[in-house]
Structures are given as C-alpha cells and as structure tokens.
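A.B. asks: The structure is given below, and queries will be raised subsequently.
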Amino acid sequence: MTDNTRWKATVHIRGLAPAVTTATIHDAFIPFGEIVDISLPKNEKPDSTDPHRGFAYVEYEDEEDAKEAIDNMDQSELFGRVIRVSGAKIPKSAKEGLGSKTAVWEQEGWLAENAVSEEDRLAATAPDDAPDDPMQGLEGLDVAGPKPQ
C-alpha cells in the first residue's frame with residue numbers, strides 16, 4: 001500500500017475525552033471495516049497529567065471503510081464528548097515547501113518539477129546552421145498591404 005493510499009484510508013478523530021483508550025477507539029470504529037492501526041499520541045509535556053493529546057488516527061484496510069467511518073461517526077458522542085471525525089491530511093515535510101529553511105530551488109521536489117534536462121537545454125540553444133543576423137530573410141516584408149500581382 002502506497003503512502004498516499006494509506007492516508008486516504010486513515011481518519012482523524014478530534015475531541016476525545018481523557019478516559020478514551022486505544023481499545024475504546026477500536027471498539028467504536030471496528031464496525032466500519034478492518035482496522036490496520038490506531039495511533040493515540042501521548043502528551044509530550046513532562047508536567048501534563050492527560051493520558052493523550054485529545055486526538056487519534058485510525059487507519060483502515062480500505063479507503064471506503066474510512067469514508068463509512070467518517071459518515072457515521074462525525075459529530076457522534078463518545079464518553080460524553082462530541083467527537084469530530086474527518087479524513088487525515090498528508091503531513092507536510094519540514095524540509096520541503098514554503099515553511100522550510102532550505103531555498104526552494106535546492107529542494108528535491110522543486111528540482112524534480114522544474115529541472116531542465118541537458119537534452120532540453122541543447123534543444124533550446126540555436127542550431128549551428130542558424131543565420132548570424134536575425135533580420136536575414138525578412139527583406140521583402142517592409143511593404144504593408146496586399147502583394148501586387
């Protein structure tokens with residue numbers, strides 16, 4: 001399964017109560033399809049007492065299962081809180097795009113889209129048999145109007 005396909009089959013759940021666990025999420029979302037993975041990010045702050053950050057990701061085997069979960073679970077109630085369920089967005093790389101600290105033209109993605117191959121560069125240069133004077137061959141074009149017969 002490609003990364004793009006995986007993200008299309010993943011749902012993002014927001015507004016989770018502190019009492020929610022991965023087992024709870026599994027039980028609530030299994031009716032919509034086979035679950036591949038559940039991610040419930042922990043709080044990274046050392047002084048935090050919350051068991052998680054209030055959101056989770058559920059990855060399904062199939063994209064259609066994810067759509068079914070979104071349709072059925074968005075704005076539903078879980079442990080006394082209304083949860084919001086939406087399709088997960090592909091995370092942006094910190095090394096690519098406008099927010100990075102690397103110049104755009106040095107990024108791999110930009111180079112892949114905008115780099116000119118050596119073959120194209122050679123084709124863009126003037127061929128060897130081109131006239132030296134760009135006005136050569138335009139002698140009869142200084143008269144306006146229809147050509148006399």
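Numbering starts fresh at 1 for the residues of each chain in the structure tokens, the chains themselves are lettered A, B, ... in the order given, and ligands are numbered from 1 as they appear.
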For Met73 (chain A), please output as a CSV table (one decimal) with C-alpha atoms, in the first residue's frame all residues within 9 Å (counting only C-alpha atoms; exclusion window: fewer than 3 positions along the same chain).
C.D. replies:
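Ended up saving to selection_9.csv:
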chain,number,residue,atom,x,y,z
A,28,ALA,CA,-16.1,2.2,18.4
A,29,PHE,CA,-14.6,2.1,14.9
A,68,GLU,CA,-18.0,5.0,6.1
A,69,ALA,CA,-16.5,5.8,9.5
A,70,ILE,CA,-16.4,9.5,8.7
A,76,SER,CA,-21.3,11.5,17.4
A,77,GLU,CA,-20.8,11.2,21.2
A,83,ILE,CA,-16.1,13.9,18.5
A,84,ARG,CA,-15.2,15.2,15.1
A,85,VAL,CA,-14.1,12.6,12.5
A.B. asks: When you look at region 4-15 of chain A with a cut-off of 8 Å (counting only C-alpha atoms), what residues show up, excluding the ones that are within fewer than 6 positions of it in the same chain? I need them as a list in words.
C.D. replies: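 Near region 4-15 of chain A, the qualifying residues are Gly54, Phe55, Ala56, Tyr57, Val58, Glu59, Tyr60, Glu61, Asp62, Glu63, Glu64, Asp65, Ala66, Lys67, Ala69, Ile70, Arg81, Val82, Ile83, Arg84, Val85, Ser86, Gly87, Ala88, Lys89 and Ile90 of chain A.
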A.B. asks: Mind checking DSSP for chain A and telling me the helix (DSSP H, G or I) residues as an mmCIF file with all heavy atoms, in the first residue's frame?
C.D. replies:
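states.cif written:
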data_model
loop_
_atom_site.group_PDB
_atom_site.id
_atom_site.type_symbol
_atom_site.label_atom_id
_atom_site.label_comp_id
_atom_site.auth_asym_id
_atom_site.auth_seq_id
_atom_site.Cartn_x
_atom_site.Cartn_y
_atom_site.Cartn_z
ATOM 1 N N ASP A 3 1.977 5.295 0.356
ATOM 2 C CA ASP A 3 1.714 6.268 1.416
ATOM 3 C C ASP A 3 0.453 7.072 1.130
ATOM 4 O O ASP A 3 -0.336 7.343 2.038
ATOM 5 C CB ASP A 3 2.898 7.222 1.568
ATOM 6 C CG ASP A 3 4.040 6.598 2.335
ATOM 7 O OD1 ASP A 3 3.816 5.547 2.977
ATOM 8 O OD2 ASP A 3 5.150 7.144 2.291
ATOM 9 N N ASN A 4 0.249 7.447 -0.124
ATOM 10 C CA ASN A 4 -0.935 8.220 -0.485
ATOM 11 C C ASN A 4 -2.206 7.410 -0.233
ATOM 12 O O ASN A 4 -3.191 7.942 0.286
ATOM 13 C CB ASN A 4 -0.845 8.652 -1.947
ATOM 14 C CG ASN A 4 -1.799 9.779 -2.262
ATOM 15 O OD1 ASN A 4 -2.258 10.487 -1.379
ATOM 16 N ND2 ASN A 4 -2.105 9.942 -3.529
ATOM 17 N N THR A 5 -2.189 6.140 -0.573
ATOM 18 C CA THR A 5 -3.345 5.272 -0.350
ATOM 19 C C THR A 5 -3.585 5.090 1.144
ATOM 20 O O THR A 5 -4.728 5.061 1.602
ATOM 21 C CB THR A 5 -3.120 3.911 -1.023
ATOM 22 O OG1 THR A 5 -2.783 4.122 -2.392
ATOM 23 C CG2 THR A 5 -4.350 3.044 -0.934
ATOM 24 N N ARG A 6 -2.500 4.969 1.904
ATOM 25 C CA ARG A 6 -2.630 4.813 3.357
ATOM 26 C C ARG A 6 -3.297 6.028 3.979
ATOM 27 O O ARG A 6 -4.144 5.891 4.860
ATOM 28 C CB ARG A 6 -1.255 4.600 3.996
ATOM 29 C CG ARG A 6 -0.684 3.237 3.747
ATOM 30 C CD ARG A 6 0.617 3.025 4.476
ATOM 31 N NE ARG A 6 0.387 3.135 5.913
ATOM 32 C CZ ARG A 6 1.304 3.548 6.775
ATOM 33 N NH1 ARG A 6 2.495 3.902 6.353
ATOM 34 N NH2 ARG A 6 1.039 3.609 8.057
ATOM 35 N N TRP A 7 -2.917 7.232 3.542
ATOM 36 C CA TRP A 7 -3.512 8.438 4.123
ATOM 37 C C TRP A 7 -4.975 8.576 3.729
ATOM 38 O O TRP A 7 -5.770 9.130 4.489
ATOM 39 C CB TRP A 7 -2.716 9.680 3.737
ATOM 40 C CG TRP A 7 -1.490 9.790 4.574
ATOM 41 C CD1 TRP A 7 -0.209 9.541 4.183
ATOM 42 C CD2 TRP A 7 -1.406 10.134 5.962
ATOM 43 N NE1 TRP A 7 0.656 9.703 5.231
ATOM 44 C CE2 TRP A 7 -0.061 10.075 6.338
ATOM 45 C CE3 TRP A 7 -2.352 10.488 6.917
ATOM 46 C CZ2 TRP A 7 0.367 10.351 7.631
ATOM 47 C CZ3 TRP A 7 -1.919 10.776 8.193
ATOM 48 C CH2 TRP A 7 -0.576 10.705 8.545
ATOM 49 N N LYS A 8 -5.355 8.089 2.561
ATOM 50 C CA LYS A 8 -6.764 8.142 2.158
ATOM 51 C C LYS A 8 -7.605 7.175 2.984
ATOM 52 O O LYS A 8 -8.809 7.366 3.122
ATOM 53 C CB LYS A 8 -6.908 7.826 0.671
ATOM 54 C CG LYS A 8 -6.453 8.959 -0.215
ATOM 55 C CD LYS A 8 -6.658 8.624 -1.663
ATOM 56 C CE LYS A 8 -6.220 9.787 -2.540
ATOM 57 N NZ LYS A 8 -6.403 9.505 -3.954
ATOM 58 N N THR A 22 -6.979 3.254 23.337
ATOM 59 C CA THR A 22 -6.949 2.644 22.000
ATOM 60 C C THR A 22 -7.983 1.527 21.889
ATOM 61 O O THR A 22 -8.565 1.325 20.826
ATOM 62 C CB THR A 22 -5.548 2.108 21.666
ATOM 63 O OG1 THR A 22 -5.131 1.226 22.689
ATOM 64 C CG2 THR A 22 -4.550 3.224 21.501
ATOM 65 N N ALA A 23 -8.218 0.817 22.983
ATOM 66 C CA ALA A 23 -9.235 -0.248 22.967
ATOM 67 C C ALA A 23 -10.626 0.345 22.752
ATOM 68 O O ALA A 23 -11.441 -0.223 22.005
ATOM 69 C CB ALA A 23 -9.183 -1.034 24.267
ATOM 70 N N THR A 24 -10.895 1.483 23.369
ATOM 71 C CA THR A 24 -12.186 2.156 23.197
ATOM 72 C C THR A 24 -12.376 2.594 21.749
ATOM 73 O O THR A 24 -13.447 2.399 21.166
ATOM 74 C CB THR A 24 -12.264 3.402 24.109
ATOM 75 O OG1 THR A 24 -11.904 3.045 25.424
ATOM 76 C CG2 THR A 24 -13.649 3.998 24.098
ATOM 77 N N ILE A 25 -11.332 3.182 21.189
ATOM 78 C CA ILE A 25 -11.399 3.625 19.791
ATOM 79 C C ILE A 25 -11.593 2.426 18.869
ATOM 80 O O ILE A 25 -12.398 2.473 17.938
ATOM 81 C CB ILE A 25 -10.128 4.415 19.422
ATOM 82 C CG1 ILE A 25 -10.094 5.722 20.217
ATOM 83 C CG2 ILE A 25 -10.071 4.701 17.929
ATOM 84 C CD1 ILE A 25 -8.795 6.470 20.100
ATOM 85 N N HIS A 26 -10.874 1.358 19.138
ATOM 86 C CA HIS A 26 -11.009 0.141 18.326
ATOM 87 C C HIS A 26 -12.450 -0.358 18.355
ATOM 88 O O HIS A 26 -13.037 -0.659 17.313
ATOM 89 C CB HIS A 26 -10.047 -0.934 18.825
ATOM 90 C CG HIS A 26 -10.059 -2.167 17.985
ATOM 91 N ND1 HIS A 26 -10.937 -3.206 18.213
ATOM 92 C CD2 HIS A 26 -9.310 -2.515 16.902
ATOM 93 C CE1 HIS A 26 -10.727 -4.153 17.313
ATOM 94 N NE2 HIS A 26 -9.746 -3.754 16.506
ATOM 95 N N ASP A 27 -13.033 -0.442 19.553
ATOM 96 C CA ASP A 27 -14.405 -0.942 19.686
ATOM 97 C C ASP A 27 -15.416 -0.023 18.991
ATOM 98 O O ASP A 27 -16.394 -0.501 18.413
ATOM 99 C CB ASP A 27 -14.772 -1.086 21.160
ATOM 100 C CG ASP A 27 -13.976 -2.188 21.849
ATOM 101 O OD1 ASP A 27 -13.396 -3.045 21.133
ATOM 102 O OD2 ASP A 27 -13.924 -2.183 23.094
ATOM 103 N N ALA A 28 -15.170 1.278 19.008
ATOM 104 C CA ALA A 28 -16.115 2.224 18.405
ATOM 105 C C ALA A 28 -16.016 2.250 16.882
ATOM 106 O O ALA A 28 -17.010 2.489 16.200
ATOM 107 C CB ALA A 28 -15.868 3.626 18.965
ATOM 108 N N PHE A 29 -14.812 1.986 16.344
ATOM 109 C CA PHE A 29 -14.617 2.141 14.897
ATOM 110 C C PHE A 29 -14.510 0.827 14.127
ATOM 111 O O PHE A 29 -14.473 0.845 12.897
ATOM 112 C CB PHE A 29 -13.382 3.015 14.636
ATOM 113 C CG PHE A 29 -13.641 4.474 14.875
ATOM 114 C CD1 PHE A 29 -13.545 5.020 16.150
ATOM 115 C CD2 PHE A 29 -14.007 5.306 13.840
ATOM 116 C CE1 PHE A 29 -13.804 6.357 16.387
ATOM 117 C CE2 PHE A 29 -14.266 6.654 14.059
ATOM 118 C CZ PHE A 29 -14.167 7.173 15.333
ATOM 119 N N ILE A 30 -14.476 -0.303 14.787
ATOM 120 C CA ILE A 30 -14.369 -1.597 14.091
ATOM 121 C C ILE A 30 -15.614 -1.943 13.259
ATOM 122 O O ILE A 30 -15.485 -2.641 12.248
ATOM 123 C CB ILE A 30 -14.018 -2.742 15.085
ATOM 124 C CG1 ILE A 30 -13.588 -4.001 14.338
ATOM 125 C CG2 ILE A 30 -15.187 -3.057 16.000
ATOM 126 C CD1 ILE A 30 -12.267 -3.891 13.647
ATOM 127 N N PRO A 31 -16.824 -1.457 13.594
ATOM 128 C CA PRO A 31 -17.982 -1.816 12.765
ATOM 129 C C PRO A 31 -17.884 -1.347 11.305
ATOM 130 O O PRO A 31 -18.612 -1.846 10.449
ATOM 131 C CB PRO A 31 -19.156 -1.118 13.457
ATOM 132 C CG PRO A 31 -18.735 -0.929 14.852
ATOM 133 C CD PRO A 31 -17.259 -0.721 14.792
ATOM 134 N N PHE A 32 -16.992 -0.424 11.010
ATOM 135 C CA PHE A 32 -16.939 0.137 9.666
ATOM 136 C C PHE A 32 -15.916 -0.533 8.764
ATOM 137 O O PHE A 32 -15.865 -0.241 7.577
ATOM 138 C CB PHE A 32 -16.663 1.638 9.756
ATOM 139 C CG PHE A 32 -17.622 2.318 10.687
ATOM 140 C CD1 PHE A 32 -17.187 2.783 11.916
ATOM 141 C CD2 PHE A 32 -18.960 2.434 10.361
ATOM 142 C CE1 PHE A 32 -18.072 3.373 12.794
ATOM 143 C CE2 PHE A 32 -19.850 3.025 11.232
ATOM 144 C CZ PHE A 32 -19.406 3.501 12.457
ATOM 145 N N GLU A 63 -10.070 2.312 1.735
ATOM 146 C CA GLU A 63 -10.476 3.720 1.728
ATOM 147 C C GLU A 63 -11.980 3.880 1.939
ATOM 148 O O GLU A 63 -12.428 4.822 2.596
ATOM 149 C CB GLU A 63 -10.056 4.336 0.393
ATOM 150 C CG GLU A 63 -10.357 5.789 0.251
ATOM 151 C CD GLU A 63 -9.940 6.335 -1.105
ATOM 152 O OE1 GLU A 63 -9.128 5.706 -1.796
ATOM 153 O OE2 GLU A 63 -10.441 7.419 -1.451
ATOM 154 N N GLU A 64 -12.760 2.964 1.404
ATOM 155 C CA GLU A 64 -14.217 3.033 1.558
ATOM 156 C C GLU A 64 -14.635 2.859 3.015
ATOM 157 O O GLU A 64 -15.606 3.466 3.470
ATOM 158 C CB GLU A 64 -14.901 1.966 0.682
ATOM 159 C CG GLU A 64 -14.729 2.204 -0.802
ATOM 160 C CD GLU A 64 -15.298 3.544 -1.243
ATOM 161 O OE1 GLU A 64 -16.404 3.913 -0.791
ATOM 162 O OE2 GLU A 64 -14.636 4.233 -2.037
ATOM 163 N N ASP A 65 -13.898 2.049 3.770
ATOM 164 C CA ASP A 65 -14.192 1.874 5.195
ATOM 165 C C ASP A 65 -13.964 3.184 5.941
ATOM 166 O O ASP A 65 -14.727 3.536 6.848
ATOM 167 C CB ASP A 65 -13.306 0.777 5.796
ATOM 168 C CG ASP A 65 -13.575 -0.589 5.171
ATOM 169 O OD1 ASP A 65 -14.662 -0.773 4.591
ATOM 170 O OD2 ASP A 65 -12.692 -1.462 5.261
ATOM 171 N N ALA A 66 -12.927 3.909 5.571
ATOM 172 C CA ALA A 66 -12.637 5.203 6.209
ATOM 173 C C ALA A 66 -13.765 6.191 5.928
ATOM 174 O O ALA A 66 -14.205 6.922 6.835
ATOM 175 C CB ALA A 66 -11.305 5.744 5.717
ATOM 176 N N LYS A 67 -14.256 6.219 4.694
ATOM 177 C CA LYS A 67 -15.357 7.118 4.347
ATOM 178 C C LYS A 67 -16.617 6.761 5.134
ATOM 179 O O LYS A 67 -17.344 7.641 5.591
ATOM 180 C CB LYS A 67 -15.650 7.056 2.848
ATOM 181 C CG LYS A 67 -14.580 7.721 2.016
ATOM 182 C CD LYS A 67 -14.898 7.629 0.543
ATOM 183 C CE LYS A 67 -13.788 8.245 -0.289
ATOM 184 N NZ LYS A 67 -14.043 8.102 -1.719
ATOM 185 N N GLU A 68 -16.845 5.467 5.300
ATOM 186 C CA GLU A 68 -18.004 4.996 6.071
ATOM 187 C C GLU A 68 -17.896 5.433 7.532
ATOM 188 O O GLU A 68 -18.871 5.873 8.141
ATOM 189 C CB GLU A 68 -18.093 3.473 5.966
ATOM 190 C CG GLU A 68 -19.378 2.884 6.468
ATOM 191 C CD GLU A 68 -20.544 3.142 5.537
ATOM 192 O OE1 GLU A 68 -20.338 3.346 4.327
ATOM 193 O OE2 GLU A 68 -21.680 3.155 6.031
ATOM 194 N N ALA A 69 -16.699 5.329 8.099
ATOM 195 C CA ALA A 69 -16.481 5.752 9.487
ATOM 196 C C ALA A 69 -16.702 7.254 9.640
ATOM 197 O O ALA A 69 -17.299 7.708 10.621
ATOM 198 C CB ALA A 69 -15.075 5.368 9.934
ATOM 199 N N ILE A 70 -16.237 8.034 8.676
ATOM 200 C CA ILE A 70 -16.429 9.488 8.724
ATOM 201 C C ILE A 70 -17.916 9.818 8.675
ATOM 202 O O ILE A 70 -18.415 10.625 9.471
ATOM 203 C CB ILE A 70 -15.675 10.178 7.574
ATOM 204 C CG1 ILE A 70 -14.167 10.036 7.777
ATOM 205 C CG2 ILE A 70 -16.068 11.642 7.465
ATOM 206 C CD1 ILE A 70 -13.340 10.420 6.568
ATOM 207 N N ASP A 71 -18.640 9.195 7.750
ATOM 208 C CA ASP A 71 -20.069 9.463 7.595
ATOM 209 C C ASP A 71 -20.861 9.108 8.846
ATOM 210 O O ASP A 71 -21.823 9.794 9.199
ATOM 211 C CB ASP A 71 -20.639 8.696 6.398
ATOM 212 C CG ASP A 71 -20.132 9.228 5.070
ATOM 213 O OD1 ASP A 71 -19.623 10.373 5.053
ATOM 214 O OD2 ASP A 71 -20.229 8.506 4.064
ATOM 215 N N ASN A 72 -20.491 8.033 9.514
ATOM 216 C CA ASN A 72 -21.274 7.551 10.652
ATOM 217 C C ASN A 72 -20.826 8.086 12.009
ATOM 218 O O ASN A 72 -21.634 8.160 12.934
ATOM 219 C CB ASN A 72 -21.255 6.023 10.686
ATOM 220 C CG ASN A 72 -22.084 5.427 9.591
ATOM 221 O OD1 ASN A 72 -23.296 5.516 9.598
ATOM 222 N ND2 ASN A 72 -21.420 4.843 8.602
ATOM 223 N N MET A 73 -19.557 8.437 12.158
ATOM 224 C CA MET A 73 -19.051 8.813 13.484
ATOM 225 C C MET A 73 -18.834 10.316 13.674
ATOM 226 O O MET A 73 -18.672 10.756 14.811
ATOM 227 C CB MET A 73 -17.750 8.067 13.770
ATOM 228 C CG MET A 73 -17.928 6.568 13.941
ATOM 229 S SD MET A 73 -18.992 6.138 15.322
ATOM 230 C CE MET A 73 -17.906 6.464 16.704
ATOM 231 N N VAL A 104 14.016 27.155 -2.063
ATOM 232 C CA VAL A 104 13.104 26.370 -2.892
ATOM 233 C C VAL A 104 13.837 25.626 -3.997
ATOM 234 O O VAL A 104 13.569 24.464 -4.273
ATOM 235 C CB VAL A 104 12.006 27.299 -3.463
ATOM 236 C CG1 VAL A 104 11.436 26.792 -4.750
ATOM 237 C CG2 VAL A 104 10.883 27.461 -2.479
ATOM 238 N N TRP A 105 14.803 26.278 -4.662
ATOM 239 C CA TRP A 105 15.484 25.651 -5.792
ATOM 240 C C TRP A 105 16.463 24.567 -5.352
ATOM 241 O O TRP A 105 16.974 23.851 -6.168
ATOM 242 C CB TRP A 105 16.199 26.703 -6.639
ATOM 243 C CG TRP A 105 17.100 27.591 -5.833
ATOM 244 C CD1 TRP A 105 18.397 27.369 -5.503
ATOM 245 C CD2 TRP A 105 16.738 28.825 -5.230
ATOM 246 N NE1 TRP A 105 18.876 28.383 -4.736
ATOM 247 C CE2 TRP A 105 17.868 29.309 -4.548
ATOM 248 C CE3 TRP A 105 15.571 29.578 -5.200
ATOM 249 C CZ2 TRP A 105 17.870 30.503 -3.851
ATOM 250 C CZ3 TRP A 105 15.583 30.765 -4.510
ATOM 251 C CH2 TRP A 105 16.716 31.216 -3.851
ATOM 252 N N GLU A 106 16.712 24.430 -4.054
ATOM 253 C CA GLU A 106 17.588 23.372 -3.562
ATOM 254 C C GLU A 106 16.795 22.165 -3.060
ATOM 255 O O GLU A 106 17.371 21.167 -2.669
ATOM 256 C CB GLU A 106 18.476 23.909 -2.439
ATOM 257 C CG GLU A 106 19.503 24.901 -2.938
ATOM 258 C CD GLU A 106 20.376 25.439 -1.814
ATOM 259 O OE1 GLU A 106 20.173 25.054 -0.652
ATOM 260 O OE2 GLU A 106 21.257 26.256 -2.113
ATOM 261 N N GLU A 108 14.424 18.874 -3.313
ATOM 262 C CA GLU A 108 14.276 17.774 -4.282
ATOM 263 C C GLU A 108 12.970 17.869 -5.063
ATOM 264 O O GLU A 108 12.937 17.649 -6.259
ATOM 265 C CB GLU A 108 14.363 16.423 -3.568
ATOM 266 C CG GLU A 108 15.739 16.093 -3.049
ATOM 267 C CD GLU A 108 16.763 15.918 -4.152
ATOM 268 O OE1 GLU A 108 16.410 15.398 -5.233
ATOM 269 O OE2 GLU A 108 17.914 16.309 -3.934
ATOM 270 N N GLY A 109 11.879 18.184 -4.384
ATOM 271 C CA GLY A 109 10.582 18.274 -5.064
ATOM 272 C C GLY A 109 10.561 19.353 -6.122
ATOM 273 O O GLY A 109 10.034 19.165 -7.221
ATOM 274 N N TRP A 110 11.136 20.509 -5.813
ATOM 275 C CA TRP A 110 11.176 21.604 -6.772
ATOM 276 C C TRP A 110 12.066 21.237 -7.952
ATOM 277 O O TRP A 110 11.735 21.508 -9.105
ATOM 278 C CB TRP A 110 11.695 22.879 -6.095
ATOM 279 C CG TRP A 110 11.597 24.087 -6.975
ATOM 280 C CD1 TRP A 110 10.536 24.921 -7.099
ATOM 281 C CD2 TRP A 110 12.601 24.577 -7.875
ATOM 282 N NE1 TRP A 110 10.812 25.913 -8.002
ATOM 283 C CE2 TRP A 110 12.084 25.718 -8.500
ATOM 284 C CE3 TRP A 110 13.879 24.169 -8.199
ATOM 285 C CZ2 TRP A 110 12.793 26.458 -9.430
ATOM 286 C CZ3 TRP A 110 14.597 24.903 -9.128
ATOM 287 C CH2 TRP A 110 14.046 26.024 -9.725
ATOM 288 N N LEU A 111 13.198 20.621 -7.654
ATOM 289 C CA LEU A 111 14.105 20.220 -8.731
ATOM 290 C C LEU A 111 13.461 19.201 -9.659
ATOM 291 O O LEU A 111 13.630 19.263 -10.873
ATOM 292 C CB LEU A 111 15.401 19.644 -8.147
ATOM 293 C CG LEU A 111 16.374 20.669 -7.587
ATOM 294 C CD1 LEU A 111 17.545 19.969 -6.921
ATOM 295 C CD2 LEU A 111 16.866 21.601 -8.668
ATOM 296 N N ALA A 112 12.708 18.270 -9.089
ATOM 297 C CA ALA A 112 12.061 17.247 -9.915
ATOM 298 C C ALA A 112 11.047 17.880 -10.868
ATOM 299 O O ALA A 112 10.898 17.431 -12.007
ATOM 300 C CB ALA A 112 11.378 16.215 -9.024
ATOM 301 N N GLU A 113 10.354 18.931 -10.421
ATOM 302 C CA GLU A 113 9.352 19.573 -11.269
ATOM 303 C C GLU A 113 9.947 20.558 -12.270
ATOM 304 O O GLU A 113 9.453 20.709 -13.376
ATOM 305 C CB GLU A 113 8.347 20.332 -10.399
ATOM 306 C CG GLU A 113 7.394 19.454 -9.659
ATOM 307 C CD GLU A 113 6.422 20.272 -8.824
ATOM 308 O OE1 GLU A 113 6.164 21.438 -9.176
ATOM 309 O OE2 GLU A 113 5.928 19.735 -7.833
ATOM 310 N N ASN A 114 10.990 21.266 -11.868
ATOM 311 C CA ASN A 114 11.466 22.399 -12.660
ATOM 312 C C ASN A 114 12.836 22.238 -13.296
ATOM 313 O O ASN A 114 13.267 23.137 -14.014
ATOM 314 C CB ASN A 114 11.477 23.655 -11.781
ATOM 315 C CG ASN A 114 10.103 23.977 -11.276
ATOM 316 O OD1 ASN A 114 9.186 24.142 -12.042
ATOM 317 N ND2 ASN A 114 9.953 24.022 -9.962
ATOM 318 N N GLU A 118 19.642 18.130 -19.788
ATOM 319 C CA GLU A 118 20.695 18.581 -20.698
ATOM 320 C C GLU A 118 20.203 18.533 -22.142
ATOM 321 O O GLU A 118 20.509 19.403 -22.946
ATOM 322 C CB GLU A 118 21.943 17.715 -20.512
ATOM 323 C CG GLU A 118 23.163 18.236 -21.223
ATOM 324 C CD GLU A 118 23.625 19.597 -20.684
ATOM 325 O OE1 GLU A 118 23.461 19.861 -19.482
ATOM 326 O OE2 GLU A 118 24.125 20.407 -21.483
ATOM 327 N N GLU A 119 19.402 17.528 -22.466
ATOM 328 C CA GLU A 119 18.862 17.378 -23.821
ATOM 329 C C GLU A 119 17.946 18.561 -24.172
ATOM 330 O O GLU A 119 18.025 19.122 -25.257
ATOM 331 C CB GLU A 119 18.082 16.068 -23.903
ATOM 332 C CG GLU A 119 17.516 15.763 -25.263
ATOM 333 C CD GLU A 119 16.797 14.438 -25.256
ATOM 334 O OE1 GLU A 119 17.401 13.432 -24.845
ATOM 335 O OE2 GLU A 119 15.625 14.417 -25.670
ATOM 336 N N ASP A 120 17.091 18.972 -23.208
ATOM 337 C CA ASP A 120 16.208 20.113 -23.445
ATOM 338 C C ASP A 120 17.001 21.414 -23.550
ATOM 339 O O ASP A 120 16.661 22.303 -24.330
ATOM 340 C CB ASP A 120 15.174 20.234 -22.326
ATOM 341 C CG ASP A 120 14.154 19.109 -22.362
ATOM 342 O OD1 ASP A 120 14.014 18.484 -23.428
ATOM 343 O OD2 ASP A 120 13.510 18.856 -21.327
ATOM 344 N N ARG A 121 18.039 21.538 -22.765
ATOM 345 C CA ARG A 121 18.866 22.742 -22.793
ATOM 346 C C ARG A 121 19.550 22.881 -24.152
ATOM 347 O O ARG A 121 19.629 23.962 -24.717
ATOM 348 C CB ARG A 121 19.899 22.674 -21.671
ATOM 349 C CG ARG A 121 20.613 23.986 -21.433
ATOM 350 C CD ARG A 121 21.503 23.961 -20.210
ATOM 351 N NE ARG A 121 20.674 23.918 -19.009
ATOM 352 C CZ ARG A 121 20.797 22.991 -18.052
ATOM 353 N NH1 ARG A 121 21.694 22.061 -18.141
ATOM 354 N NH2 ARG A 121 20.014 23.021 -17.001
ATOM 355 N N LEU A 122 20.041 21.767 -24.697
ATOM 356 C CA LEU A 122 20.679 21.794 -26.009
ATOM 357 C C LEU A 122 19.679 22.120 -27.110
ATOM 358 O O LEU A 122 19.997 22.821 -28.065
ATOM 359 C CB LEU A 122 21.372 20.469 -26.300
ATOM 360 C CG LEU A 122 22.632 20.178 -25.472
ATOM 361 C CD1 LEU A 122 23.126 18.765 -25.761
ATOM 362 C CD2 LEU A 122 23.703 21.202 -25.749
ATOM 363 N N ALA A 123 18.456 21.616 -26.983
ATOM 364 C CA ALA A 123 17.436 21.877 -27.995
ATOM 365 C C ALA A 123 17.013 23.346 -27.977
ATOM 366 O O ALA A 123 16.622 23.904 -29.006
ATOM 367 C CB ALA A 123 16.224 20.983 -27.766
ATOM 368 N N ALA A 124 17.096 23.991 -26.837
ATOM 369 C CA ALA A 124 16.698 25.391 -26.718
ATOM 370 C C ALA A 124 17.742 26.338 -27.296
ATOM 371 O O ALA A 124 17.417 27.465 -27.673
ATOM 372 C CB ALA A 124 16.439 25.740 -25.260
ATOM 373 N N GLU A 139 13.716 40.596 -45.943
ATOM 374 C CA GLU A 139 13.870 41.738 -46.839
ATOM 375 C C GLU A 139 12.563 42.184 -47.478
ATOM 376 O O GLU A 139 12.287 43.354 -47.617
ATOM 377 C CB GLU A 139 14.896 41.433 -47.949
ATOM 378 C CG GLU A 139 16.321 41.368 -47.465
ATOM 379 C CD GLU A 139 16.697 39.999 -46.901
ATOM 380 O OE1 GLU A 139 16.011 39.008 -47.174
ATOM 381 O OE2 GLU A 139 17.667 39.946 -46.166
ATOM 382 N N GLY A 140 11.710 41.314 -47.904
ATOM 383 C CA GLY A 140 10.501 41.687 -48.630
ATOM 384 C C GLY A 140 9.327 42.000 -47.735
ATOM 385 O O GLY A 140 8.227 42.247 -48.208
ATOM 386 N N LEU A 141 9.510 42.033 -46.460
ATOM 387 C CA LEU A 141 8.384 42.227 -45.553
ATOM 388 C C LEU A 141 8.193 43.671 -45.111
ATOM 389 O O LEU A 141 7.383 43.945 -44.243
ATOM 390 C CB LEU A 141 8.574 41.342 -44.302
ATOM 391 C CG LEU A 141 8.614 39.844 -44.564
ATOM 392 C CD1 LEU A 141 8.865 39.104 -43.278
ATOM 393 C CD2 LEU A 141 7.307 39.371 -45.181
ATOM 394 N N ASP A 142 8.888 44.622 -45.713
ATOM 395 C CA ASP A 142 8.771 46.009 -45.286
ATOM 396 C C ASP A 142 7.625 46.749 -45.964
ATOM 397 O O ASP A 142 7.367 47.906 -45.673
ATOM 398 C CB ASP A 142 10.082 46.760 -45.492
ATOM 399 C CG ASP A 142 10.539 46.742 -46.924
ATOM 400 O OD1 ASP A 142 9.978 45.950 -47.703
ATOM 401 O OD2 ASP A 142 11.440 47.521 -47.258
#
A.B. asks: Where does DSSP see strand (DSSP E or B) in chain A, if you list the residues as a PyMOL selection string?
C.D. replies: chain A and resi 10-14+35-39+55-60+77-78+81-82+84-87
A.B. asks: Select, from A:Pro18, A:Leu78, A:Gly145, A:Val116, the residue with the minimum atom-to-atom distance to Asn43 (chain A), counting only C-alpha atoms.
C.D. replies: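 With only C-alpha atoms as the atom set, the closest residue is A:Pro18.
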A.B. asks: Grab the CA of Asp74 (chain A) to CA of His52 (chain A) distance for me, in Å with one decimal place.
C.D. replies: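 Going from CA of Asp74 (chain A) over to CA of His52 (chain A), I get 20.0 Å.
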A.B. asks: Just to confirm, what's the straight-line distance from CA of Val20 (chain A) to CA of Gly33 (chain A) in Å (one decimal)?
C.D. replies: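 Separation of CA of Val20 (chain A) and CA of Gly33 (chain A): 20.0 Å.
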